[in-house]
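For reference, upload33.pdb is printed below; it contains PDB, C-alpha atoms and all ligand atoms.
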ATOM      1  CA  MET A   1      -3.720  18.505   5.084
ATOM      2  CA  HIS A   2      -0.881  16.063   5.780
ATOM      3  CA  ILE A   3       2.682  16.932   6.719
ATOM      4  CA  VAL A   4       4.942  14.878   4.448
ATOM      5  CA  ARG A   5       8.555  14.088   3.706
ATOM      6  CA  TYR A   6       9.422  13.789   0.050
ATOM      7  CA  ARG A   7      12.240  13.498  -2.429
ATOM      8  CA  ARG A   8      12.239  15.174  -5.855
ATOM      9  CA  ASP A   9      13.454  13.606  -9.093
ATOM     10  CA  ASN A  10      17.173  14.346  -9.507
ATOM     11  CA  ASP A  11      17.542  15.421  -5.875
ATOM     12  CA  ASP A  12      19.014  13.250  -3.135
ATOM     13  CA  ILE A  13      17.842  15.441  -0.275
ATOM     14  CA  ALA A  14      14.711  14.527   1.687
ATOM     15  CA  ARG A  15      12.524  17.593   2.195
ATOM     16  CA  VAL A  16       9.435  18.488   4.238
ATOM     17  CA  GLY A  17       6.149  19.799   2.922
ATOM     18  CA  VAL A  18       2.396  19.675   3.215
ATOM     19  CA  ARG A  19       0.045  17.726   0.957
ATOM     20  CA  THR A  20      -3.484  19.016   0.469
ATOM     21  CA  ASP A  21      -5.911  17.631  -2.132
ATOM     22  CA  GLY A  22      -3.019  15.701  -3.698
ATOM     23  CA  VAL A  23      -0.820  18.793  -4.137
ATOM     24  CA  VAL A  24       2.510  18.961  -2.295
ATOM     25  CA  ARG A  25       3.965  22.334  -1.256
ATOM     26  CA  SER A  26       7.309  22.903   0.374
ATOM     27  CA  LEU A  27       7.955  23.971   3.956
ATOM     28  CA  PRO A  28      11.064  25.872   5.062
ATOM     29  CA  VAL A  29      12.254  23.294   7.617
ATOM     30  CA  PRO A  30      15.158  20.859   7.240
ATOM     31  CA  SER A  31      13.421  17.836   8.772
ATOM     32  CA  VAL A  32      10.345  16.511  10.540
ATOM     33  CA  ALA A  33      12.607  16.088  13.585
ATOM     34  CA  ALA A  34      13.266  19.852  13.546
ATOM     35  CA  LEU A  35       9.538  20.546  13.148
ATOM     36  CA  LEU A  36       8.805  18.387  16.217
ATOM     37  CA  GLY A  37      11.199  20.551  18.217
ATOM     38  CA  GLU A  38       8.607  23.354  17.926
ATOM     39  CA  ARG A  39       5.347  24.076  19.753
ATOM     40  CA  VAL A  40       2.174  22.867  17.998
ATOM     41  CA  ALA A  41       1.024  26.481  17.518
ATOM     42  CA  ASP A  42       4.264  27.222  15.654
ATOM     43  CA  ILE A  43       4.065  23.983  13.620
ATOM     44  CA  ARG A  44       0.549  24.994  12.625
ATOM     45  CA  ALA A  45       1.565  28.533  11.607
ATOM     46  CA  LEU A  46       4.343  27.110   9.452
ATOM     47  CA  ALA A  47       2.208  24.369   7.872
ATOM     48  CA  GLU A  48      -0.566  26.801   7.006
ATOM     49  CA  SER A  49       1.784  29.063   5.013
ATOM     50  CA  PRO A  50       3.512  26.636   2.645
ATOM     51  CA  GLY A  51       5.800  27.637  -0.230
ATOM     52  CA  GLU A  52       6.000  26.539  -3.855
ATOM     53  CA  VAL A  53       4.139  23.616  -5.424
ATOM     54  CA  VAL A  54       6.327  20.517  -5.874
ATOM     55  CA  ASP A  55       5.081  18.511  -8.846
ATOM     56  CA  ASP A  56       7.612  15.650  -8.699
ATOM     57  CA  ALA A  57       7.433  14.713  -5.001
ATOM     58  CA  ARG A  58       7.891  11.041  -4.074
ATOM     59  CA  LEU A  59       6.598  10.543  -0.541
ATOM     60  CA  LEU A  60       8.925   9.056   2.084
ATOM     61  CA  ALA A  61       8.448   7.677   5.586
ATOM     62  CA  PRO A  62       7.169  10.593   7.712
ATOM     63  CA  VAL A  63       9.946  10.484  10.333
ATOM     64  CA  ASP A  64      13.651  11.278  10.266
ATOM     65  CA  GLY A  65      16.659  12.197  12.374
ATOM     66  CA  ALA A  66      16.489  11.432  16.081
ATOM     67  CA  THR A  67      12.709  10.925  16.200
ATOM     68  CA  GLU A  68      11.967   7.491  17.663
ATOM     69  CA  VAL A  69       8.927   5.279  17.236
ATOM     70  CA  TRP A  70       7.527   3.810  20.468
ATOM     71  CA  ALA A  71       4.461   1.658  20.955
ATOM     72  CA  ALA A  72       1.928   0.869  23.640
ATOM     73  CA  GLY A  73       0.580  -2.648  24.140
ATOM     74  CA  VAL A  74      -2.532  -4.288  25.572
ATOM     75  CA  THR A  75      -4.527  -1.062  25.379
ATOM     76  CA  TYR A  76      -7.676  -2.652  23.886
ATOM     77  CA  LEU A  77      -9.680  -5.565  25.316
ATOM     78  CA  ARG A  78      -9.142  -7.492  22.081
ATOM     79  CA  SER A  79      -5.370  -7.248  22.468
ATOM     80  CA  ARG A  80      -5.576  -8.402  26.089
ATOM     81  CA  GLN A  81      -7.615 -11.436  24.982
ATOM     82  CA  ALA A  82      -5.313 -12.245  22.036
ATOM     83  CA  ARG A  83      -2.152 -12.025  24.172
ATOM     84  CA  MET A  84      -3.713 -14.276  26.839
ATOM     85  CA  GLU A  85      -4.522 -16.859  24.151
ATOM     86  CA  GLU A  86      -1.051 -16.874  22.635
ATOM     87  CA  SER A  87       1.165 -16.561  25.701
ATOM     88  CA  SER A  88       2.771 -19.053  28.038
ATOM     89  CA  GLU A  89       2.382 -16.333  30.720
ATOM     90  CA  ALA A  90      -1.220 -15.208  30.187
ATOM     91  CA  ASP A  91      -1.778 -13.450  33.510
ATOM     92  CA  ILE A  92       0.799 -10.688  32.934
ATOM     93  CA  TYR A  93      -1.299  -9.362  30.052
ATOM     94  CA  GLY A  94      -4.437  -9.301  32.171
ATOM     95  CA  ARG A  95      -2.539  -7.418  34.869
ATOM     96  CA  VAL A  96      -0.995  -4.808  32.584
ATOM     97  CA  TYR A  97      -4.366  -4.009  31.000
ATOM     98  CA  ASP A  98      -5.644  -2.916  34.423
ATOM     99  CA  ALA A  99      -2.421  -1.494  35.856
ATOM    100  CA  ALA A 100      -1.746   2.223  36.309
ATOM    101  CA  ARG A 101       1.475   1.920  34.301
ATOM    102  CA  PRO A 102       0.949   1.053  30.619
ATOM    103  CA  GLU A 103       3.114  -1.286  28.575
ATOM    104  CA  LEU A 104       5.403   0.893  26.408
ATOM    105  CA  PHE A 105       8.192  -0.420  24.225
ATOM    106  CA  PHE A 106      10.708   0.950  21.750
ATOM    107  CA  LYS A 107       9.645   0.037  18.216
ATOM    108  CA  SER A 108      11.928   1.680  15.651
ATOM    109  CA  ALA A 109      14.558   4.239  14.797
ATOM    110  CA  ALA A 110      13.281   6.666  12.151
ATOM    111  CA  TRP A 111      15.544   5.353   9.400
ATOM    112  CA  ARG A 112      14.186   1.808   9.782
ATOM    113  CA  VAL A 113      10.546   2.813   9.190
ATOM    114  CA  VAL A 114       8.913   1.717   5.923
ATOM    115  CA  VAL A 115       6.163   3.711   4.264
ATOM    116  CA  ASP A 116       3.058   3.006   2.206
ATOM    117  CA  GLY A 117       3.937   0.735  -0.739
ATOM    118  CA  GLU A 118       7.187  -0.623   0.704
ATOM    119  CA  PRO A 119       7.370  -4.186   2.107
ATOM    120  CA  VAL A 120       6.773  -5.222   5.701
ATOM    121  CA  ALA A 121       8.365  -8.398   7.006
ATOM    122  CA  ILE A 122       7.894 -11.689   8.746
ATOM    123  CA  ARG A 123      11.032 -12.877  10.553
ATOM    124  CA  ALA A 124      12.502 -15.961   8.895
ATOM    125  CA  ASP A 125      12.603 -17.732  12.287
ATOM    126  CA  SER A 126       8.960 -17.068  13.206
ATOM    127  CA  GLY A 127       5.918 -19.260  12.691
ATOM    128  CA  LEU A 128       2.898 -17.116  13.651
ATOM    129  CA  ASP A 129       2.844 -13.558  12.382
ATOM    130  CA  VAL A 130       0.304 -10.764  12.243
ATOM    131  CA  PRO A 131      -0.063  -7.128  11.289
ATOM    132  CA  GLU A 132      -1.167  -4.868  14.156
ATOM    133  CA  PRO A 133      -3.286  -1.963  12.851
ATOM    134  CA  GLU A 134      -2.789   1.010  15.161
ATOM    135  CA  LEU A 135      -3.349   4.740  15.414
ATOM    136  CA  ALA A 136      -0.007   6.397  16.146
ATOM    137  CA  ILE A 137       0.205   9.799  17.766
ATOM    138  CA  VAL A 138       2.955  12.207  16.780
ATOM    139  CA  VAL A 139       4.265  14.115  19.776
ATOM    140  CA  ASN A 140       6.527  17.161  19.788
ATOM    141  CA  ARG A 141       9.446  17.877  22.129
ATOM    142  CA  PHE A 142       7.052  19.325  24.701
ATOM    143  CA  GLY A 143       4.794  16.271  24.815
ATOM    144  CA  GLU A 144       2.035  18.023  22.854
ATOM    145  CA  ILE A 145       0.128  15.940  20.297
ATOM    146  CA  ALA A 146       0.957  17.380  16.879
ATOM    147  CA  GLY A 147      -0.761  14.795  14.681
ATOM    148  CA  TYR A 148      -1.677  11.248  13.789
ATOM    149  CA  LEU A 149      -0.383   8.441  11.578
ATOM    150  CA  VAL A 150      -1.442   4.917  10.651
ATOM    151  CA  CYS A 151       0.998   2.324  12.036
ATOM    152  CA  ASN A 152       1.455  -1.358  11.329
ATOM    153  CA  ASP A 153       3.197  -2.820  14.400
ATOM    154  CA  MET A 154       4.198  -6.108  12.729
ATOM    155  CA  SER A 155       4.538  -8.829  15.350
ATOM    156  CA  SER A 156       5.648 -12.420  15.802
ATOM    157  CA  ARG A 157       3.015 -14.038  18.003
ATOM    158  CA  SER A 158       4.992 -17.287  18.253
ATOM    159  CA  ILE A 159       8.156 -15.605  19.556
ATOM    160  CA  GLU A 160       6.382 -13.362  22.080
ATOM    161  CA  GLY A 161       4.022 -16.220  23.001
ATOM    162  CA  GLU A 162       6.930 -18.547  23.839
ATOM    163  CA  ASN A 163       8.257 -16.106  26.441
ATOM    164  CA  PRO A 164       7.324 -12.441  27.043
ATOM    165  CA  LEU A 165      11.019 -11.635  27.540
ATOM    166  CA  TYR A 166      11.345 -12.182  23.791
ATOM    167  CA  LEU A 167       9.134  -9.130  23.136
ATOM    168  CA  PRO A 168      11.928  -7.024  21.559
ATOM    169  CA  GLN A 169      12.678  -9.850  19.104
ATOM    170  CA  ALA A 170       8.971 -10.289  18.329
ATOM    171  CA  LYS A 171       8.546  -6.561  17.692
ATOM    172  CA  VAL A 172      11.830  -5.051  16.480
ATOM    173  CA  TYR A 173      13.410  -6.403  13.294
ATOM    174  CA  ALA A 174      13.878  -5.320   9.674
ATOM    175  CA  GLY A 175      10.514  -4.455   8.116
ATOM    176  CA  ALA A 176       8.570  -4.555  11.402
ATOM    177  CA  CYS A 177       7.418  -0.924  11.488
ATOM    178  CA  ALA A 178       5.345   0.737   8.763
ATOM    179  CA  LEU A 179       3.855   4.240   8.937
ATOM    180  CA  SER A 180       1.513   6.022   6.557
ATOM    181  CA  ALA A 181       3.069   8.731   4.415
ATOM    182  CA  GLY A 182       1.568  11.871   5.931
ATOM    183  CA  ILE A 183       1.005  13.232   9.437
ATOM    184  CA  ARG A 184      -2.602  14.408   9.829
ATOM    185  CA  PRO A 185      -2.379  17.471  12.065
ATOM    186  CA  ALA A 186      -4.058  17.271  15.455
ATOM    187  CA  TRP A 187      -5.633  20.703  14.934
ATOM    188  CA  GLU A 188      -7.653  19.236  12.037
ATOM    189  CA  VAL A 189      -8.900  15.960  13.493
ATOM    190  CA  ASP A 190      -9.930  14.448  16.839
ATOM    191  CA  GLY A 191      -8.215  11.065  17.145
ATOM    192  CA  THR A 192     -10.388   9.704  19.932
ATOM    193  CA  ASP A 193     -13.215   8.176  17.871
ATOM    194  CA  LEU A 194     -11.900   7.119  14.480
ATOM    195  CA  PRO A 195     -12.814   3.923  12.598
ATOM    196  CA  VAL A 196      -9.842   1.565  12.089
ATOM    197  CA  ALA A 197     -10.032  -1.191   9.473
ATOM    198  CA  VAL A 198      -7.682  -3.883   8.212
ATOM    199  CA  ARG A 199      -7.762  -6.145   5.167
ATOM    200  CA  VAL A 200      -5.275  -8.861   4.230
ATOM    201  CA  THR A 201      -5.384 -10.257   0.718
ATOM    202  CA  ARG A 202      -3.679 -13.399  -0.584
ATOM    203  CA  ASP A 203      -3.495 -13.967  -4.334
ATOM    204  CA  GLY A 204      -6.220 -11.329  -4.705
ATOM    205  CA  VAL A 205      -8.546 -13.029  -2.197
ATOM    206  CA  THR A 206      -9.385 -11.438   1.172
ATOM    207  CA  VAL A 207      -8.215 -13.737   3.985
ATOM    208  CA  TRP A 208      -8.714 -11.465   7.040
ATOM    209  CA  THR A 209     -10.665  -8.305   7.723
ATOM    210  CA  GLY A 210     -11.283  -6.488  10.960
ATOM    211  CA  ALA A 211     -12.749  -3.228  12.156
ATOM    212  CA  THR A 212     -12.721  -1.286  15.407
ATOM    213  CA  SER A 213     -12.648   2.298  16.660
ATOM    214  CA  THR A 214     -10.080   4.309  18.582
ATOM    215  CA  ALA A 215     -12.949   5.000  21.018
ATOM    216  CA  ARG A 216     -12.256   1.498  22.413
ATOM    217  CA  LEU A 217      -8.742   2.456  23.490
ATOM    218  CA  LYS A 218      -8.592   1.966  27.258
ATOM    219  CA  ARG A 219      -6.160   4.768  28.057
ATOM    220  CA  PRO A 220      -6.336   8.458  27.093
ATOM    221  CA  PHE A 221      -3.569   9.598  24.729
ATOM    222  CA  ALA A 222      -2.322  12.026  27.407
ATOM    223  CA  GLU A 223      -1.768   9.147  29.843
ATOM    224  CA  LEU A 224       0.376   7.256  27.308
ATOM    225  CA  VAL A 225       2.390  10.400  26.500
ATOM    226  CA  ASP A 226       2.810  11.193  30.189
ATOM    227  CA  HIS A 227       4.366   7.778  30.807
ATOM    228  CA  LEU A 228       6.608   8.028  27.731
ATOM    229  CA  PHE A 229       7.962  11.410  28.853
ATOM    230  CA  ARG A 230       8.258  10.558  32.574
ATOM    231  CA  ALA A 231      11.865   9.498  32.510
ATOM    232  CA  ASP A 232      13.235  10.552  29.141
ATOM    233  CA  ASN A 233      13.602  13.580  26.849
ATOM    234  CA  PHE A 234      12.622  13.581  23.185
ATOM    235  CA  PRO A 235      14.294  16.634  21.604
ATOM    236  CA  ALA A 236      13.110  15.497  18.157
ATOM    237  CA  GLY A 237       9.666  14.428  19.358
ATOM    238  CA  ALA A 238       8.368  10.875  19.116
ATOM    239  CA  VAL A 239       5.808   8.728  17.378
ATOM    240  CA  LEU A 240       3.806   6.678  19.883
ATOM    241  CA  SER A 241       1.686   3.887  18.407
ATOM    242  CA  THR A 242      -1.305   3.379  20.679
ATOM    243  CA  GLY A 243      -1.784  -0.401  20.431
ATOM    244  CA  THR A 244      -3.953  -2.707  18.406
ATOM    245  CA  GLY A 245      -7.644  -3.340  18.812
ATOM    246  CA  LEU A 246      -7.591  -5.950  16.038
ATOM    247  CA  ALA A 247      -6.134  -9.447  16.168
ATOM    248  CA  PRO A 248      -7.073 -12.449  14.019
ATOM    249  CA  ALA A 249      -7.854 -15.897  15.413
ATOM    250  CA  MET A 250      -4.851 -18.041  16.357
ATOM    251  CA  ASP A 251      -5.180 -20.138  13.168
ATOM    252  CA  PHE A 252      -4.342 -17.132  10.981
ATOM    253  CA  THR A 253      -0.778 -16.263  10.077
ATOM    254  CA  LEU A 254       0.588 -13.902   7.453
ATOM    255  CA  ARG A 255       2.439 -15.396   4.492
ATOM    256  CA  GLU A 256       4.936 -14.011   2.012
ATOM    257  CA  GLY A 257       3.052 -12.314  -0.835
ATOM    258  CA  ASP A 258       0.103 -11.219   1.326
ATOM    259  CA  VAL A 259      -0.900  -7.559   1.098
ATOM    260  CA  VAL A 260      -1.935  -5.690   4.268
ATOM    261  CA  THR A 261      -4.084  -2.554   4.044
ATOM    262  CA  ILE A 262      -4.913  -0.515   7.147
ATOM    263  CA  THR A 263      -7.279   2.436   6.967
ATOM    264  CA  ILE A 264      -7.976   4.993   9.667
ATOM    265  CA  ASP A 265     -10.635   7.490   8.657
ATOM    266  CA  GLU A 266      -9.353  11.049   8.376
ATOM    267  CA  VAL A 267      -5.774   9.926   9.061
ATOM    268  CA  GLY A 268      -4.742   7.789   6.118
ATOM    269  CA  GLU A 269      -4.262   4.437   4.476
ATOM    270  CA  LEU A 270      -1.242   2.134   4.666
ATOM    271  CA  THR A 271      -0.728  -0.717   2.191
ATOM    272  CA  ASN A 272       2.300  -3.010   2.319
ATOM    273  CA  PRO A 273       3.184  -6.333   0.692
ATOM    274  CA  VAL A 274       4.616  -8.969   3.043
ATOM    275  CA  VAL A 275       8.073 -10.487   2.575
ATOM    276  CA  VAL A 276      10.161 -12.895   4.669
ATOM    277  CA  GLY A 277      13.627 -11.997   5.947
ATOM    278  CA  ARG A 278      15.950  -9.064   6.451
ATOM    279  CA  GLU A 279      17.606  -9.230   3.038
ATOM    280  CA  HIS A 280      14.719  -7.243   1.529
ATOM    281  CA  PHE A 281      15.582  -4.169   3.605
ATOM    282  CA  THR A 282      19.110  -3.250   2.551
ATOM    283  CA  PHE A 283      17.524  -0.155   0.929
ATOM    284  CA  LEU A 284      16.961   1.269   4.438
ATOM    285  CA  ARG A 285      19.996   3.247   5.517
ATOM    286  CA  PRO A 286      20.612   5.880   8.177
ATOM    287  CA  SER A 287      21.313   9.283   6.655
ATOM    288  CA  VAL A 288      24.796  10.543   7.519
TER
HETATM  289  O1  LIG B   1       2.431  -7.147  24.801
HETATM  290  C1  LIG B   1       2.667  -7.153  23.662
HETATM  291  C2  LIG B   1       2.428  -6.075  22.728
HETATM  292  C3  LIG B   1       1.003  -5.908  22.387
HETATM  293  C4  LIG B   1       0.818  -4.892  21.321
HETATM  294  O2  LIG B   1       1.710  -4.545  20.572
HETATM  295  C5  LIG B   1      -0.507  -4.312  21.165
HETATM  296  O3  LIG B   1      -1.409  -4.545  21.984
HETATM  297  O4  LIG B   1      -0.682  -3.598  20.190
HETATM  298 MG    MG B   2       0.944  -3.424  18.839
END
Turn the structure described in the file into C-alpha cells.
Amino acid sequence: MHIVRYRRDNDDIARVGVRTDGVVRSLPVPSVAALLGERVADIRALAESPGEVVDDARLLAPVDGATEVWAAGVTYLRSRQARMEESSEADIYGRVYDAARPELFFKSAAWRVVVDGEPVAIRADSGLDVPEPELAIVVNRFGEIAGYLVCNDMSSRSIEGENPLYLPQAKVYAGACALSAGIRPAWEVDGTDLPVAVRVTRDGVTVWTGATSTARLKRPFAELVDHLFRADNFPAGAVLSTGTGLAPAMDFTLREGDVVTITIDEVGELTNPVVVGREHFTFLRPSV
C-alpha cells in the first residue's frame, strides 16, 4: 500500500487516498498535512479502511500544506568522501560525519516538490551537478515515523564546493527536490536495510549507475528525527531525507535531457528528466 495524493479528471481539488496493486481508493482526509497531524496508529486505521475506487486518479507530489521537506547530509561514508573531494573546506565534512550533531538543512516547501515524471533541474549558473538518491522518512507531528519515500536531493557540487556557506543555493532552487508519488507506510516495511539504486541515461545510453543499501546509513532514523524536532514544532509533520550513499566521480555532471531513475526496494521508483533553469517550473504554485 502507498498513501497518495491525486487529482481526478474535471476536478481541481487535490485529494488523498491509498494505492494498492495499482488501484486507488479515497480516504476521508483533506490533506496529507492533516493526516500527519495524527498518531501513526490512527493513520494506519484510516488507511486500512479506504472508501470508493477512483479510476481516474492522476498522482501528485505526496506532500501538501505546511509539511516541509528537510534533509540530512554526510550520513554515508561515500558522501563524506565525495564532499571532501569537491570542497574547498574538506575537513568540515570529515568532522560532521563523526560529530554528535548531524547536518540537517531545509530542502523544500511542499508546493515546490516535483513528483515522478516531472522535471528536475540544474541551476543555470552551476557547472557540476548531480542527483542524490536518498531514502526519505515521513514523520508525523509527534515525531513518529509514518512511512518512506524516494527522494532526489538535486545538488550543485560546484556551488557548494566553492564555499560551504553556499549550501542553500546549491540545494534549494526550482526543480531541486523530487519525491516518489506514494508514501510506503512504516507499518508495512522496515527502512533500515533497503537496496537503493540509481541510473542516469543520456540519449538512451546509461552514463551512471550506482547501488547501495540504507544499512550503510551511519545514524539511526530516530537520531535524525530527534535532532529535527529538538528546537522546532512540525504541526503538519515533515519529510526528512536521510542523505545520499551514492555519488559519481568528479568528472560526471548531469546534462539537460538526461533521465534520472532512483529505485528503493519496497518503497518506490522515481524517474525525472533533467532540465536547466527555473523557467520550467512555473507550473508549481502554492495552493491558496
Ligand atoms: O553537506 C552537504 C550535503 C550533503 C548531502 O546532501 C548528502 O550527503 O546527501
Ligand atoms: Mg543529499
For this session: Return as a PyMOL selection string the set of residues that the PyMOL selection byres (((chain A and resi 45-54) around 12) and not hetatm) yields on the displayed structure.
Result: chain A and resi 1-9+15-20+22-29+32+35-36+38-44+55-59+146+183-185+187-188
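Among A:Phe106, A:Trp208, A:Tyr93, A:Tyr166, the residue with the shortest atom-to-atom distance to ligand LIG 1 (chain B), counting all atoms listed in the file, is A:Tyr93.
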For this session: Could you give me, as number ranges by chain, every polymer residue with an atom at most 8 Å away from an atom of ligand LIG 1 (chain B), counting only C-alpha atoms and all ligand atoms?
Result: A: 71-76, 79-80, 83, 93, 103, 132-134, 153, 155, 160, 164, 167, 171, 242-245
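Going from atom CA of Asp226 of chain A to atom CA of Phe142 of chain A covers 10.7 Å.
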Interface rows for segment 136-223 of chain A against segment 246-267 of chain A: nearest pair, Å to one decimal, 9 Å, only C-alpha atoms, as CSV:
residue,atom,partner,partner_atom,distance
A:Gly147,CA,A:Val267,CA,9.0
A:Tyr148,CA,A:Val267,CA,6.4
A:Leu149,CA,A:Val267,CA,6.1
A:Val150,CA,A:Ile264,CA,6.6
A:Cys151,CA,A:Ile262,CA,8.2
A:Asn152,CA,A:Ile262,CA,7.7
A:Arg157,CA,A:Met250,CA,9.0
A:Ser180,CA,A:Val267,CA,8.6
A:Gly182,CA,A:Val267,CA,8.2
A:Ile183,CA,A:Val267,CA,7.6
A:Arg184,CA,A:Val267,CA,5.5
A:Pro185,CA,A:Val267,CA,8.8
A:Val189,CA,A:Glu266,CA,7.1
A:Gly191,CA,A:Val267,CA,8.5
A:Leu194,CA,A:Asp265,CA,6.0
A:Pro195,CA,A:Asp265,CA,5.7
A:Val196,CA,A:Ile264,CA,4.6
A:Ala197,CA,A:Thr263,CA,5.2
A:Val198,CA,A:Ile262,CA,4.5
A:Arg199,CA,A:Thr261,CA,5.3
A:Val200,CA,A:Val260,CA,4.6
A:Thr201,CA,A:Val259,CA,5.2
A:Arg202,CA,A:Asp258,CA,4.8
A:Asp203,CA,A:Asp258,CA,7.2
A:Gly204,CA,A:Val259,CA,8.7
A:Val207,CA,A:Phe252,CA,8.7
A:Trp208,CA,A:Pro248,CA,7.2
A:Thr209,CA,A:Pro248,CA,8.3
A:Gly210,CA,A:Leu246,CA,6.3
A:Ala211,CA,A:Leu246,CA,7.0
A:Thr212,CA,A:Leu246,CA,7.0
A:Ser213,CA,A:Ile264,CA,8.8
Problem set entry | Met154 of chain A environment, 9 Å, only C-alpha atoms, sequence neighbours closer than 6 positions dropped, as JSON, numbers by chain | {"A": [120, 121, 122, 129, 130, 131, 132, 133, 170, 171, 172, 175, 176, 177, 178]}
Selection file, C-alpha atoms, as a short mmCIF file (atom, residue, chain, number, x, y, z; two decimals), in the frame of the given file:
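Ended up saving to selection.cif:
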data_model
loop_
_atom_site.label_atom_id
_atom_site.label_comp_id
_atom_site.auth_asym_id
_atom_site.auth_seq_id
_atom_site.Cartn_x
_atom_site.Cartn_y
_atom_site.Cartn_z
CA VAL A 120 6.77 -5.22 5.70
CA ALA A 121 8.36 -8.40 7.01
CA ILE A 122 7.89 -11.69 8.75
CA ASP A 129 2.84 -13.56 12.38
CA VAL A 130 0.30 -10.76 12.24
CA PRO A 131 -0.06 -7.13 11.29
CA GLU A 132 -1.17 -4.87 14.16
CA PRO A 133 -3.29 -1.96 12.85
CA ALA A 170 8.97 -10.29 18.33
CA LYS A 171 8.55 -6.56 17.69
CA VAL A 172 11.83 -5.05 16.48
CA GLY A 175 10.51 -4.46 8.12
CA ALA A 176 8.57 -4.56 11.40
CA CYS A 177 7.42 -0.92 11.49
CA ALA A 178 5.34 0.74 8.76
#
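Closest approach to ligand MG 2 (chain B) among A:Gly94, A:Pro168, A:Pro286, A:Pro220: A:Pro168, based on only C-alpha atoms and all ligand atoms.
Using only C-alpha atoms and all ligand atoms for every distance, the candidate list A:Asp21, A:Leu77, A:Lys107, A:Glu86 yields A:Lys107 as the residue closest to ligand MG 2 (chain B).
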Exercise. Between A:Met84, A:Leu104, A:Val276, A:Ala66, which is the closest to ligand MG 2 (chain B) once you count only C-alpha atoms and all ligand atoms?
Worked result: A:Leu104
Using all atoms of segment 161-165 of chain A listed in the file and a margin of 5 Å per side, can you give the axis-aligned box centre and edge lengths in Å to one decimal, as AutoDock Vina command-line options?
--center_x 7.5 --center_y -15.1 --center_z 25.3 --size_x 17.0 --size_y 16.9 --size_z 14.5
Exercise. Mind telling me what the PyMOL selection byres (((chain A and resi 141) around 9) and not hetatm) catches here, as a PyMOL selection string?
Worked result: chain A and resi 36-39+139-140+142-144+233-238
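Distances to Ala109 of chain A were evaluated for A:Val69, A:Ala82, A:Ala136, A:Val205 using all atoms listed in the file, and the minimum falls at A:Val69.
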Exercise. When distances are computed from all atoms listed in the file, which of A:Ser126, A:Trp70, A:Glu279, A:Leu165 shows the smallest separation from ligand MG 2 (chain B)?
Worked result: A:Trp70
Exercise. What is the distance, in Å and to one decimal place, between atom CA of Asn272 of chain A and atom CA of Val114 of chain A?
Worked result: 8.9 Å
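Across the structure, atom CA of Ser88 of chain A and atom CA of Lys218 of chain A are spaced 23.9 Å apart.
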Problem set entry | Residues in the PyMOL selection byres (((chain A and resi 113) around 7) and not hetatm), expressed as a PyMOL selection string | chain A and resi 61+108+110-112+114-115+177-179
